[in-house]
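One structure below.
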Amino acid sequence: MHCSHTLTADLPAGSAAERAAFGSTDGMWEWRKGGAEAWFSASCASLLGVSERDHLGCFADWTALIHPADVDAVVTAVEACAETGVPVDHAYRIRCRTGDYRWYRMRGARHHVKCEGAGENAEEVVVSGGMHDIHAHRVAAQAAREREQRMMQRQRMQAVDCLASGIAHEFNNVLQAMGGYVSFARDELSPDSQPYADLTAALSAADRAATLTRSLLDFARAEEGAQTACDINRVVNGLYELMGPILGEDMQFCLQTSAKPLVTKANVTELRQSLLNLCVNARDAMPSGGSLNISVEPFRISELHVDTIGGLKPGLYCRISVVDTGCGLMPELSEQIFDPFFTTKDSGVGAGLGLATVHGFVQRSNGFVSVFSEGPDTGAALSMYLPVEETIVTNELEPSAETEQHRQTILLAEDDASVREIARRMLENAGYRVLCEADGEAALETYIENAEDISLVLLDAVLPRLTGRMVFEQIRRFHADVPIVFYTGYGADSVQGEMLGQSVNAVLSKPFDEEQLLRTIGGLLAKENTSECCESTIG
């Protein structure tokens, strides 16, 4: 090594060092302490995709290519190596000729090199080493970490779902008993009295608690990937009940839904989660409070719109807009915010998955999501466009006419004593004869003994000894036509309800009030009586 103005790249001709440098795919480099010059091997040019004439000529050429977030750490590591002798081992990003940044690993060590012609003991300090392309490995490792994060998040959500379902089931039992006893007490009072008004208010509070519980269950019970027809207005209204506690008191929350039903085919859980993600993202953009507006409206896309709204096919869509008055968004970030793990939040605050989840859901639903912001401190508007099913088919039970009860007998199976007592009193007050059992095995035995007298069976979906499903299947073996109603604290369209199939006549969600219970039972018994009359006439 010569102590000249420029470090030499010469190696002894035909030496092992020359052959190694020529054959290695790693780039080699050397830098003199305190100097501006540096030497880089031809393989460095190959790694960076530059030609021999564009070869790096000095230390500044190299540092200019390093990613701004990495350059200080890299320079500090090289200078520290020259000063203290601590080896360099550092991963960093360099901009290649294509303009993209790639990951490299740099290793180096300090050497003391004699200076020719400057005296016998004249030495200079140099740092020599190599750089290796680790981009593919780094990207693969990052992808593996992301997969692990998603798996852990999925496992956590499954645990939360299971816990939420169990708690909500028990909570609904408590609400069922609370509402029933309060209703009985209120009905003994004069409607003009203050206690009557107080108990009415208590029932209203219980109804709100029941609505909140059902909204929480919505996030836990739907099967992933399953797409069903759903009214977007109802989904958004259900979300409204959840958002109050999440947004906080310093946030104004306004909801405007469509006057007509807007039915789309989508995974209901993913739709709710996407709406929640948009709302939480808007809340985080307003740390000092603000206004959040959600609107649901029909939007017809014509041939003129297809080029401007995500290339969607012409037709009727539902536009769900979430508009906030928060910190806004730089225009150049509008296309990045839906990328996985991209976030504008501080480290540890956001994982960058919320809007990516929204984008994935909308794509699976054959829709489009857009973002608009005029810049910082102007707020932002995110809109989801979901295709609308213009042919709406409803299978809701029509309001039933009054049915003749004539002391019809109902078998009631419920393991919770309070809920069983409430349901029994509701039915007996309406004139029915009720046979009560606390477990599935006793309920089946009672049905077998009284099959000719029982007009309808009311089953809790979760029963000890024999489950509600087992009792249902055994009863169907004896009588295929007896009306069977399930009720559950997991929600009418929960996994249990779906599992039981369409041969179940009706499913009620706890907590239910007296009107819901009697309306459902009365409608089924009225149909049963009509069917019997028709058969008698034909005979």
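By convention in this document, the chains of the structure tokens carry letters A, B, ... by their order, each chain's residues are numbered from 1, and ligands are numbered from 1 in the order they are shown.
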
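Residue neighbourhood of Phe59 (chain A), excluding near-sequence residues (fewer than 2 positions): Trp29, Glu30, Trp31, Arg32, Gly35, Ala36, Glu37, Ala38, Trp39, Phe40, Leu56, Gly57, Asp61, Trp62, Thr63, Ala64 and Val75 of chain A, at 10 Å, using only C-alpha atoms.
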
Please produce an output containing C-alpha atoms for each residue in the selection, written as a tab-separated table (two decimals), in the first residue's frame.
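Okay, result-v9.tsv is ready:
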chain	number	residue	atom	x	y	z
A	29	TRP	CA	-13.16	-1.92	-0.19
A	30	GLU	CA	-10.49	-0.04	1.74
A	31	TRP	CA	-10.49	3.38	3.42
A	32	ARG	CA	-7.61	5.35	4.95
A	35	GLY	CA	-8.86	10.55	4.21
A	36	ALA	CA	-11.40	11.23	1.50
A	37	GLU	CA	-10.13	8.56	-0.88
A	38	ALA	CA	-11.19	4.95	-0.88
A	39	TRP	CA	-10.62	1.92	-3.03
A	40	PHE	CA	-13.47	-0.32	-4.25
A	56	LEU	CA	-16.92	4.47	-7.06
A	57	GLY	CA	-13.91	6.72	-6.69
A	61	ASP	CA	-19.34	8.53	-3.52
A	62	TRP	CA	-20.10	5.51	-1.41
A	63	THR	CA	-21.77	7.30	1.52
A	64	ALA	CA	-23.96	9.27	-0.91
A	75	VAL	CA	-19.84	6.02	8.86

| query | Quick one: of A:Pro387, A:Pro287, A:Gly379, A:Gly27, who's nearest to Arg300 (chain A), counting only C-alpha atoms? | reply | A:Pro387

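Taking CA of Ser274 (chain A) as the reference point, CA of Tyr487 (chain A) is found at 29.2 Å.
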
I'd like the neighbourhood of Ser373 (chain A) as a short mmCIF file (atom, residue, chain, number, x, y, z; two decimals) with all heavy atoms, in the first residue's frame, where a residue qualifies if any of its atoms comes within 7 Å (using only C-alpha atoms), though same-chain residues fewer than 2 positions away should be ignored.
data_model
loop_
_atom_site.label_atom_id
_atom_site.label_comp_id
_atom_site.auth_asym_id
_atom_site.auth_seq_id
_atom_site.Cartn_x
_atom_site.Cartn_y
_atom_site.Cartn_z
N GLY A 328 -54.84 14.88 8.76
CA GLY A 328 -54.74 14.82 7.31
C GLY A 328 -53.62 13.94 6.83
O GLY A 328 -53.00 13.19 7.60
N LEU A 329 -53.33 14.04 5.53
CA LEU A 329 -52.37 13.12 4.91
C LEU A 329 -51.67 13.82 3.76
O LEU A 329 -52.30 14.54 2.98
CB LEU A 329 -53.12 11.88 4.39
CG LEU A 329 -52.29 10.69 3.94
CD1 LEU A 329 -51.62 10.03 5.13
CD2 LEU A 329 -53.18 9.69 3.22
N PRO A 331 -50.26 14.14 0.16
CA PRO A 331 -50.75 13.51 -1.08
C PRO A 331 -49.89 12.34 -1.54
O PRO A 331 -50.41 11.34 -2.04
CB PRO A 331 -50.72 14.66 -2.09
CG PRO A 331 -50.83 15.90 -1.27
CD PRO A 331 -50.11 15.60 0.01
N VAL A 371 -58.98 7.06 -0.73
CA VAL A 371 -58.65 8.01 0.33
C VAL A 371 -58.47 9.39 -0.29
O VAL A 371 -57.94 9.53 -1.40
CB VAL A 371 -57.36 7.58 1.08
CG1 VAL A 371 -56.18 7.46 0.13
CG2 VAL A 371 -57.04 8.57 2.20
N GLY A 375 -54.17 17.60 2.48
CA GLY A 375 -52.86 17.84 3.06
C GLY A 375 -52.92 17.86 4.57
O GLY A 375 -53.94 17.55 5.18
N THR A 378 -55.97 18.96 7.41
CA THR A 378 -57.21 19.18 6.66
C THR A 378 -58.19 18.03 6.81
O THR A 378 -59.24 18.03 6.18
CB THR A 378 -56.90 19.38 5.16
OG1 THR A 378 -56.27 18.20 4.65
CG2 THR A 378 -55.99 20.57 4.95
N GLY A 379 -57.85 17.04 7.64
CA GLY A 379 -58.71 15.88 7.77
C GLY A 379 -58.54 14.91 6.61
O GLY A 379 -57.76 15.14 5.68
N ALA A 380 -59.26 13.82 6.67
CA ALA A 380 -59.17 12.80 5.62
C ALA A 380 -60.53 12.12 5.47
O ALA A 380 -61.33 12.07 6.40
CB ALA A 380 -58.10 11.76 5.93
N ALA A 381 -60.78 11.62 4.27
CA ALA A 381 -62.01 10.89 3.97
C ALA A 381 -61.63 9.58 3.29
O ALA A 381 -60.96 9.58 2.26
CB ALA A 381 -62.92 11.71 3.06
#

| task | Considering only C-alpha atoms, state which residue in the set A:His169, A:Arg272, A:Arg319, A:Lys313 is at the smallest distance from Ser295 (chain A). | result | A:Arg319

| task | Determine, counting only C-alpha atoms, which protein, DNA and RNA residues have an atom within 7 Å of an atom of Phe253 (chain A); residues of the same chain fewer than 3 positions away are not included. Present the result as a list in words. | result |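 These residues fall inside the cut-off: Ser291, Leu292 and Asn293 of chain A.
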
Residue subset to file, keeping all heavy atoms, as an mmCIF file, in the first residue's frame:
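Output (part32.cif):
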data_model
loop_
_atom_site.group_PDB
_atom_site.id
_atom_site.type_symbol
_atom_site.label_atom_id
_atom_site.label_comp_id
_atom_site.auth_asym_id
_atom_site.auth_seq_id
_atom_site.Cartn_x
_atom_site.Cartn_y
_atom_site.Cartn_z
ATOM 1 N N SER A 291 -64.167 15.631 15.025
ATOM 2 C CA SER A 291 -65.455 15.160 14.529
ATOM 3 C C SER A 291 -65.242 13.977 13.596
ATOM 4 O O SER A 291 -64.366 14.010 12.727
ATOM 5 C CB SER A 291 -66.185 16.294 13.800
ATOM 6 O OG SER A 291 -67.396 15.838 13.233
ATOM 7 N N LEU A 292 -66.043 12.946 13.804
ATOM 8 C CA LEU A 292 -66.007 11.756 12.959
ATOM 9 C C LEU A 292 -67.394 11.527 12.383
ATOM 10 O O LEU A 292 -68.369 11.404 13.128
ATOM 11 C CB LEU A 292 -65.560 10.532 13.758
ATOM 12 C CG LEU A 292 -65.590 9.188 13.023
ATOM 13 C CD1 LEU A 292 -64.632 9.217 11.837
ATOM 14 C CD2 LEU A 292 -65.231 8.045 13.953
ATOM 15 N N ASN A 293 -67.488 11.504 11.057
ATOM 16 C CA ASN A 293 -68.771 11.340 10.384
ATOM 17 C C ASN A 293 -68.737 10.086 9.517
ATOM 18 O O ASN A 293 -67.808 9.905 8.719
ATOM 19 C CB ASN A 293 -69.087 12.558 9.510
ATOM 20 C CG ASN A 293 -69.195 13.840 10.315
ATOM 21 O OD1 ASN A 293 -69.915 13.889 11.300
ATOM 22 N ND2 ASN A 293 -68.463 14.854 9.920
#

| said: One decimal, in Å: what's the spacing between CA of Thr200 (chain A) and CA of Asn237 (chain A)? | reply: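 A separation of 23.4 Å between them.
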
| Shortest interatomic distance to Gln176 (chain A) - which of A:Glu297, A:Glu452, A:Glu515, A:Asp207, counting only C-alpha atoms |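 Smallest separation from Gln176 (chain A) among the options: A:Asp207.
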
| field | Spatial neighbours of region 477-486 of chain A, max dist 8 Å, only C-alpha atoms, sep filter under 5 positions, as a PyMOL selection string | value | chain A and resi 455-461+468+472+497+504-508+521+524-525+528

Residue subset to file, keeping N, CA, C and O atoms, as an mmCIF file, in the first residue's frame:
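Contents of selection.cif, freshly written:
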data_model
loop_
_atom_site.group_PDB
_atom_site.id
_atom_site.type_symbol
_atom_site.label_atom_id
_atom_site.label_comp_id
_atom_site.auth_asym_id
_atom_site.auth_seq_id
_atom_site.Cartn_x
_atom_site.Cartn_y
_atom_site.Cartn_z
ATOM 1 N N SER A 455 -96.988 -29.196 22.333
ATOM 2 C CA SER A 455 -97.235 -28.496 21.073
ATOM 3 C C SER A 455 -95.981 -27.834 20.519
ATOM 4 O O SER A 455 -95.892 -27.576 19.316
ATOM 5 N N LEU A 456 -95.016 -27.550 21.391
ATOM 6 C CA LEU A 456 -93.816 -26.839 20.949
ATOM 7 C C LEU A 456 -92.711 -27.089 21.970
ATOM 8 O O LEU A 456 -92.973 -27.254 23.166
ATOM 9 N N VAL A 457 -91.458 -27.123 21.481
ATOM 10 C CA VAL A 457 -90.298 -27.333 22.350
ATOM 11 C C VAL A 457 -89.418 -26.087 22.292
ATOM 12 O O VAL A 457 -89.074 -25.599 21.219
ATOM 13 N N LEU A 458 -89.044 -25.600 23.474
ATOM 14 C CA LEU A 458 -88.190 -24.427 23.596
ATOM 15 C C LEU A 458 -86.876 -24.879 24.248
ATOM 16 O O LEU A 458 -86.855 -25.261 25.425
ATOM 17 N N LEU A 459 -85.775 -24.864 23.475
ATOM 18 C CA LEU A 459 -84.505 -25.437 23.924
ATOM 19 C C LEU A 459 -83.417 -24.375 24.012
ATOM 20 O O LEU A 459 -83.244 -23.564 23.092
ATOM 21 N N ASP A 460 -82.650 -24.413 25.122
ATOM 22 C CA ASP A 460 -81.411 -23.646 25.166
ATOM 23 C C ASP A 460 -80.383 -24.395 24.325
ATOM 24 O O ASP A 460 -80.311 -25.624 24.353
ATOM 25 N N ALA A 461 -79.575 -23.668 23.562
ATOM 26 C CA ALA A 461 -78.598 -24.323 22.698
ATOM 27 C C ALA A 461 -77.525 -25.032 23.503
ATOM 28 O O ALA A 461 -76.957 -26.038 23.058
ATOM 29 N N GLY A 468 -78.313 -29.112 23.449
ATOM 30 C CA GLY A 468 -79.550 -28.782 22.764
ATOM 31 C C GLY A 468 -79.662 -29.471 21.423
ATOM 32 O O GLY A 468 -80.741 -29.914 21.017
ATOM 33 N N PHE A 472 -82.562 -32.055 20.188
ATOM 34 C CA PHE A 472 -83.260 -31.744 18.945
ATOM 35 C C PHE A 472 -83.268 -32.949 17.991
ATOM 36 O O PHE A 472 -84.303 -33.325 17.434
ATOM 37 N N GLY A 497 -76.384 -21.676 16.031
ATOM 38 C CA GLY A 497 -77.595 -21.572 15.230
ATOM 39 C C GLY A 497 -77.388 -22.064 13.818
ATOM 40 O O GLY A 497 -78.233 -22.752 13.253
ATOM 41 N N VAL A 504 -84.588 -26.355 12.127
ATOM 42 C CA VAL A 504 -85.012 -25.665 13.334
ATOM 43 C C VAL A 504 -85.985 -24.569 12.922
ATOM 44 O O VAL A 504 -85.723 -23.813 11.990
ATOM 45 N N ASN A 505 -87.099 -24.479 13.619
ATOM 46 C CA ASN A 505 -88.149 -23.551 13.203
ATOM 47 C C ASN A 505 -87.804 -22.093 13.467
ATOM 48 O O ASN A 505 -88.181 -21.208 12.694
ATOM 49 N N ALA A 506 -87.093 -21.819 14.555
ATOM 50 C CA ALA A 506 -86.740 -20.436 14.881
ATOM 51 C C ALA A 506 -85.605 -20.437 15.891
ATOM 52 O O ALA A 506 -85.403 -21.401 16.625
ATOM 53 N N VAL A 507 -84.865 -19.337 15.915
ATOM 54 C CA VAL A 507 -83.783 -19.146 16.886
ATOM 55 C C VAL A 507 -83.936 -17.760 17.496
ATOM 56 O O VAL A 507 -84.054 -16.768 16.778
ATOM 57 N N LEU A 508 -83.932 -17.690 18.820
ATOM 58 C CA LEU A 508 -84.043 -16.427 19.549
ATOM 59 C C LEU A 508 -82.711 -16.101 20.218
ATOM 60 O O LEU A 508 -82.005 -17.000 20.680
ATOM 61 N N ILE A 521 -93.434 -17.857 19.240
ATOM 62 C CA ILE A 521 -94.172 -19.095 19.545
ATOM 63 C C ILE A 521 -95.570 -19.050 18.948
ATOM 64 O O ILE A 521 -96.047 -20.033 18.355
ATOM 65 N N LEU A 524 -95.519 -19.786 15.166
ATOM 66 C CA LEU A 524 -95.291 -21.200 14.836
ATOM 67 C C LEU A 524 -96.516 -22.056 15.141
ATOM 68 O O LEU A 524 -96.876 -22.934 14.353
ATOM 69 N N LEU A 525 -97.155 -21.791 16.279
ATOM 70 C CA LEU A 525 -98.349 -22.571 16.627
ATOM 71 C C LEU A 525 -99.515 -22.249 15.700
ATOM 72 O O LEU A 525 -100.318 -23.129 15.377
ATOM 73 N N GLU A 528 -98.943 -24.219 12.646
ATOM 74 C CA GLU A 528 -99.222 -25.624 12.926
ATOM 75 C C GLU A 528 -100.715 -25.891 12.886
ATOM 76 O O GLU A 528 -101.186 -26.873 12.313
#

| remark: Min atom-atom distance to Arg102 (chain A) from the set A:Ala285, A:Leu271, A:Met131, A:Ile301, counting only C-alpha atoms, belongs to A:Met131

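Counting only C-alpha atoms, the residue from A:Lys265, A:Met251, A:Ala210, A:Val471 that sits nearest to Asn173 (chain A) is A:Ala210.
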
| query | Where does DSSP see strand (DSSP E or B) in region 451-487 of chain A, if you list the residues as a PyMOL selection string? | reply | chain A and resi 454-460+484-487

| query | Can you tell me, as JSON, numbers by chain, what residues are no more than 12 Å from Asp377 (chain A) when counting only C-alpha atoms, ignoring any on the same chain fewer than 5 positions away? | reply | {"A": [285, 286, 290, 324, 325, 326, 327, 328, 329, 330]}

Any chance you could export the current selection's all heavy atoms as a PDB file, in the first residue's frame?
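Okay, this is what ended up in out12.pdb:
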ATOM      1  N   ALA A 285     -56.016   9.934  14.466  1.00  0.00           N
ATOM      2  CA  ALA A 285     -55.605  11.140  13.748  1.00  0.00           C
ATOM      3  C   ALA A 285     -56.114  12.403  14.440  1.00  0.00           C
ATOM      4  O   ALA A 285     -55.781  13.513  14.020  1.00  0.00           O
ATOM      5  CB  ALA A 285     -56.118  11.102  12.309  1.00  0.00           C
ATOM      6  N   MET A 286     -56.915  12.239  15.508  1.00  0.00           N
ATOM      7  CA  MET A 286     -57.472  13.394  16.236  1.00  0.00           C
ATOM      8  C   MET A 286     -57.181  13.251  17.725  1.00  0.00           C
ATOM      9  O   MET A 286     -58.100  13.075  18.539  1.00  0.00           O
ATOM     10  CB  MET A 286     -58.986  13.481  15.985  1.00  0.00           C
ATOM     11  CG  MET A 286     -59.368  13.692  14.529  1.00  0.00           C
ATOM     12  SD  MET A 286     -61.156  13.799  14.247  1.00  0.00           S
ATOM     13  CE  MET A 286     -61.642  12.075  14.436  1.00  0.00           C
ATOM     14  N   GLY A 290     -62.176  15.918  17.996  1.00  0.00           N
ATOM     15  CA  GLY A 290     -62.597  16.363  16.675  1.00  0.00           C
ATOM     16  C   GLY A 290     -63.939  15.770  16.315  1.00  0.00           C
ATOM     17  O   GLY A 290     -64.740  15.432  17.193  1.00  0.00           O
ATOM     18  N   ASP A 324     -62.947  12.402   8.869  1.00  0.00           N
ATOM     19  CA  ASP A 324     -62.493  12.959  10.147  1.00  0.00           C
ATOM     20  C   ASP A 324     -61.945  14.360   9.944  1.00  0.00           C
ATOM     21  O   ASP A 324     -61.723  14.805   8.817  1.00  0.00           O
ATOM     22  CB  ASP A 324     -61.432  12.062  10.782  1.00  0.00           C
ATOM     23  CG  ASP A 324     -60.145  11.984   9.966  1.00  0.00           C
ATOM     24  OD1 ASP A 324     -59.447  13.009   9.859  1.00  0.00           O
ATOM     25  OD2 ASP A 324     -59.831  10.900   9.443  1.00  0.00           O
ATOM     26  N   THR A 325     -61.735  15.053  11.038  1.00  0.00           N
ATOM     27  CA  THR A 325     -61.171  16.404  11.014  1.00  0.00           C
ATOM     28  C   THR A 325     -59.772  16.400  11.611  1.00  0.00           C
ATOM     29  O   THR A 325     -59.371  17.349  12.283  1.00  0.00           O
ATOM     30  CB  THR A 325     -62.074  17.374  11.792  1.00  0.00           C
ATOM     31  OG1 THR A 325     -62.215  16.892  13.144  1.00  0.00           O
ATOM     32  CG2 THR A 325     -63.435  17.482  11.147  1.00  0.00           C
ATOM     33  N   GLY A 326     -59.021  15.323  11.369  1.00  0.00           N
ATOM     34  CA  GLY A 326     -57.734  15.127  12.011  1.00  0.00           C
ATOM     35  C   GLY A 326     -56.568  15.739  11.272  1.00  0.00           C
ATOM     36  O   GLY A 326     -56.698  16.737  10.558  1.00  0.00           O
ATOM     37  N   CYS A 327     -55.405  15.093  11.420  1.00  0.00           N
ATOM     38  CA  CYS A 327     -54.144  15.667  10.949  1.00  0.00           C
ATOM     39  C   CYS A 327     -53.963  15.582   9.442  1.00  0.00           C
ATOM     40  O   CYS A 327     -53.030  16.165   8.889  1.00  0.00           O
ATOM     41  CB  CYS A 327     -52.977  14.958  11.642  1.00  0.00           C
ATOM     42  SG  CYS A 327     -52.906  13.181  11.363  1.00  0.00           S
ATOM     43  N   GLY A 328     -54.837  14.882   8.757  1.00  0.00           N
ATOM     44  CA  GLY A 328     -54.744  14.823   7.307  1.00  0.00           C
ATOM     45  C   GLY A 328     -53.619  13.936   6.829  1.00  0.00           C
ATOM     46  O   GLY A 328     -52.995  13.190   7.595  1.00  0.00           O
ATOM     47  N   LEU A 329     -53.327  14.036   5.533  1.00  0.00           N
ATOM     48  CA  LEU A 329     -52.373  13.119   4.914  1.00  0.00           C
ATOM     49  C   LEU A 329     -51.673  13.822   3.764  1.00  0.00           C
ATOM     50  O   LEU A 329     -52.300  14.542   2.983  1.00  0.00           O
ATOM     51  CB  LEU A 329     -53.115  11.879   4.387  1.00  0.00           C
ATOM     52  CG  LEU A 329     -52.290  10.695   3.939  1.00  0.00           C
ATOM     53  CD1 LEU A 329     -51.618  10.032   5.135  1.00  0.00           C
ATOM     54  CD2 LEU A 329     -53.185   9.685   3.222  1.00  0.00           C
ATOM     55  N   MET A 330     -50.379  13.612   3.671  1.00  0.00           N
ATOM     56  CA  MET A 330     -49.636  14.156   2.537  1.00  0.00           C
ATOM     57  C   MET A 330     -50.070  13.426   1.269  1.00  0.00           C
ATOM     58  O   MET A 330     -50.235  12.198   1.271  1.00  0.00           O
ATOM     59  CB  MET A 330     -48.140  13.979   2.751  1.00  0.00           C
ATOM     60  CG  MET A 330     -47.591  14.760   3.938  1.00  0.00           C
ATOM     61  SD  MET A 330     -47.736  16.537   3.714  1.00  0.00           S
ATOM     62  CE  MET A 330     -46.540  16.805   2.394  1.00  0.00           C
TER      63      MET A 330
END

| said: Report, in Å with one decimal, the straight-line distance from CA of Ile448 (chain A) to CA of Arg519 (chain A). | reply: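 Here the two named atoms are 26.4 Å from each other.
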
| request: May I have the residues within 6 Å of region 86-89 of chain A as a VMD selection string, using only C-alpha atoms and disregarding those fewer than 6 positions away in the same chain? | output: chain A and resid 106 to 109

Kindly save the residues from that selection, with N, CA, C and O atoms included, as an mmCIF file, in the first residue's frame.
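File produced: again22.cif:
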data_model
loop_
_atom_site.group_PDB
_atom_site.id
_atom_site.type_symbol
_atom_site.label_atom_id
_atom_site.label_comp_id
_atom_site.auth_asym_id
_atom_site.auth_seq_id
_atom_site.Cartn_x
_atom_site.Cartn_y
_atom_site.Cartn_z
ATOM 1 N N MET A 106 -21.793 -5.330 5.627
ATOM 2 C CA MET A 106 -20.419 -4.852 5.523
ATOM 3 C C MET A 106 -19.617 -5.373 6.707
ATOM 4 O O MET A 106 -20.041 -5.271 7.864
ATOM 5 N N ARG A 107 -18.441 -5.925 6.398
ATOM 6 C CA ARG A 107 -17.517 -6.346 7.439
ATOM 7 C C ARG A 107 -16.144 -5.745 7.139
ATOM 8 O O ARG A 107 -15.767 -5.623 5.970
ATOM 9 N N GLY A 108 -15.442 -5.390 8.169
ATOM 10 C CA GLY A 108 -14.119 -4.799 7.963
ATOM 11 C C GLY A 108 -13.288 -4.854 9.226
ATOM 12 O O GLY A 108 -13.801 -5.053 10.333
ATOM 13 N N ALA A 109 -11.966 -4.649 9.046
ATOM 14 C CA ALA A 109 -11.042 -4.664 10.176
ATOM 15 C C ALA A 109 -9.960 -3.601 9.958
ATOM 16 O O ALA A 109 -9.694 -3.171 8.835
#
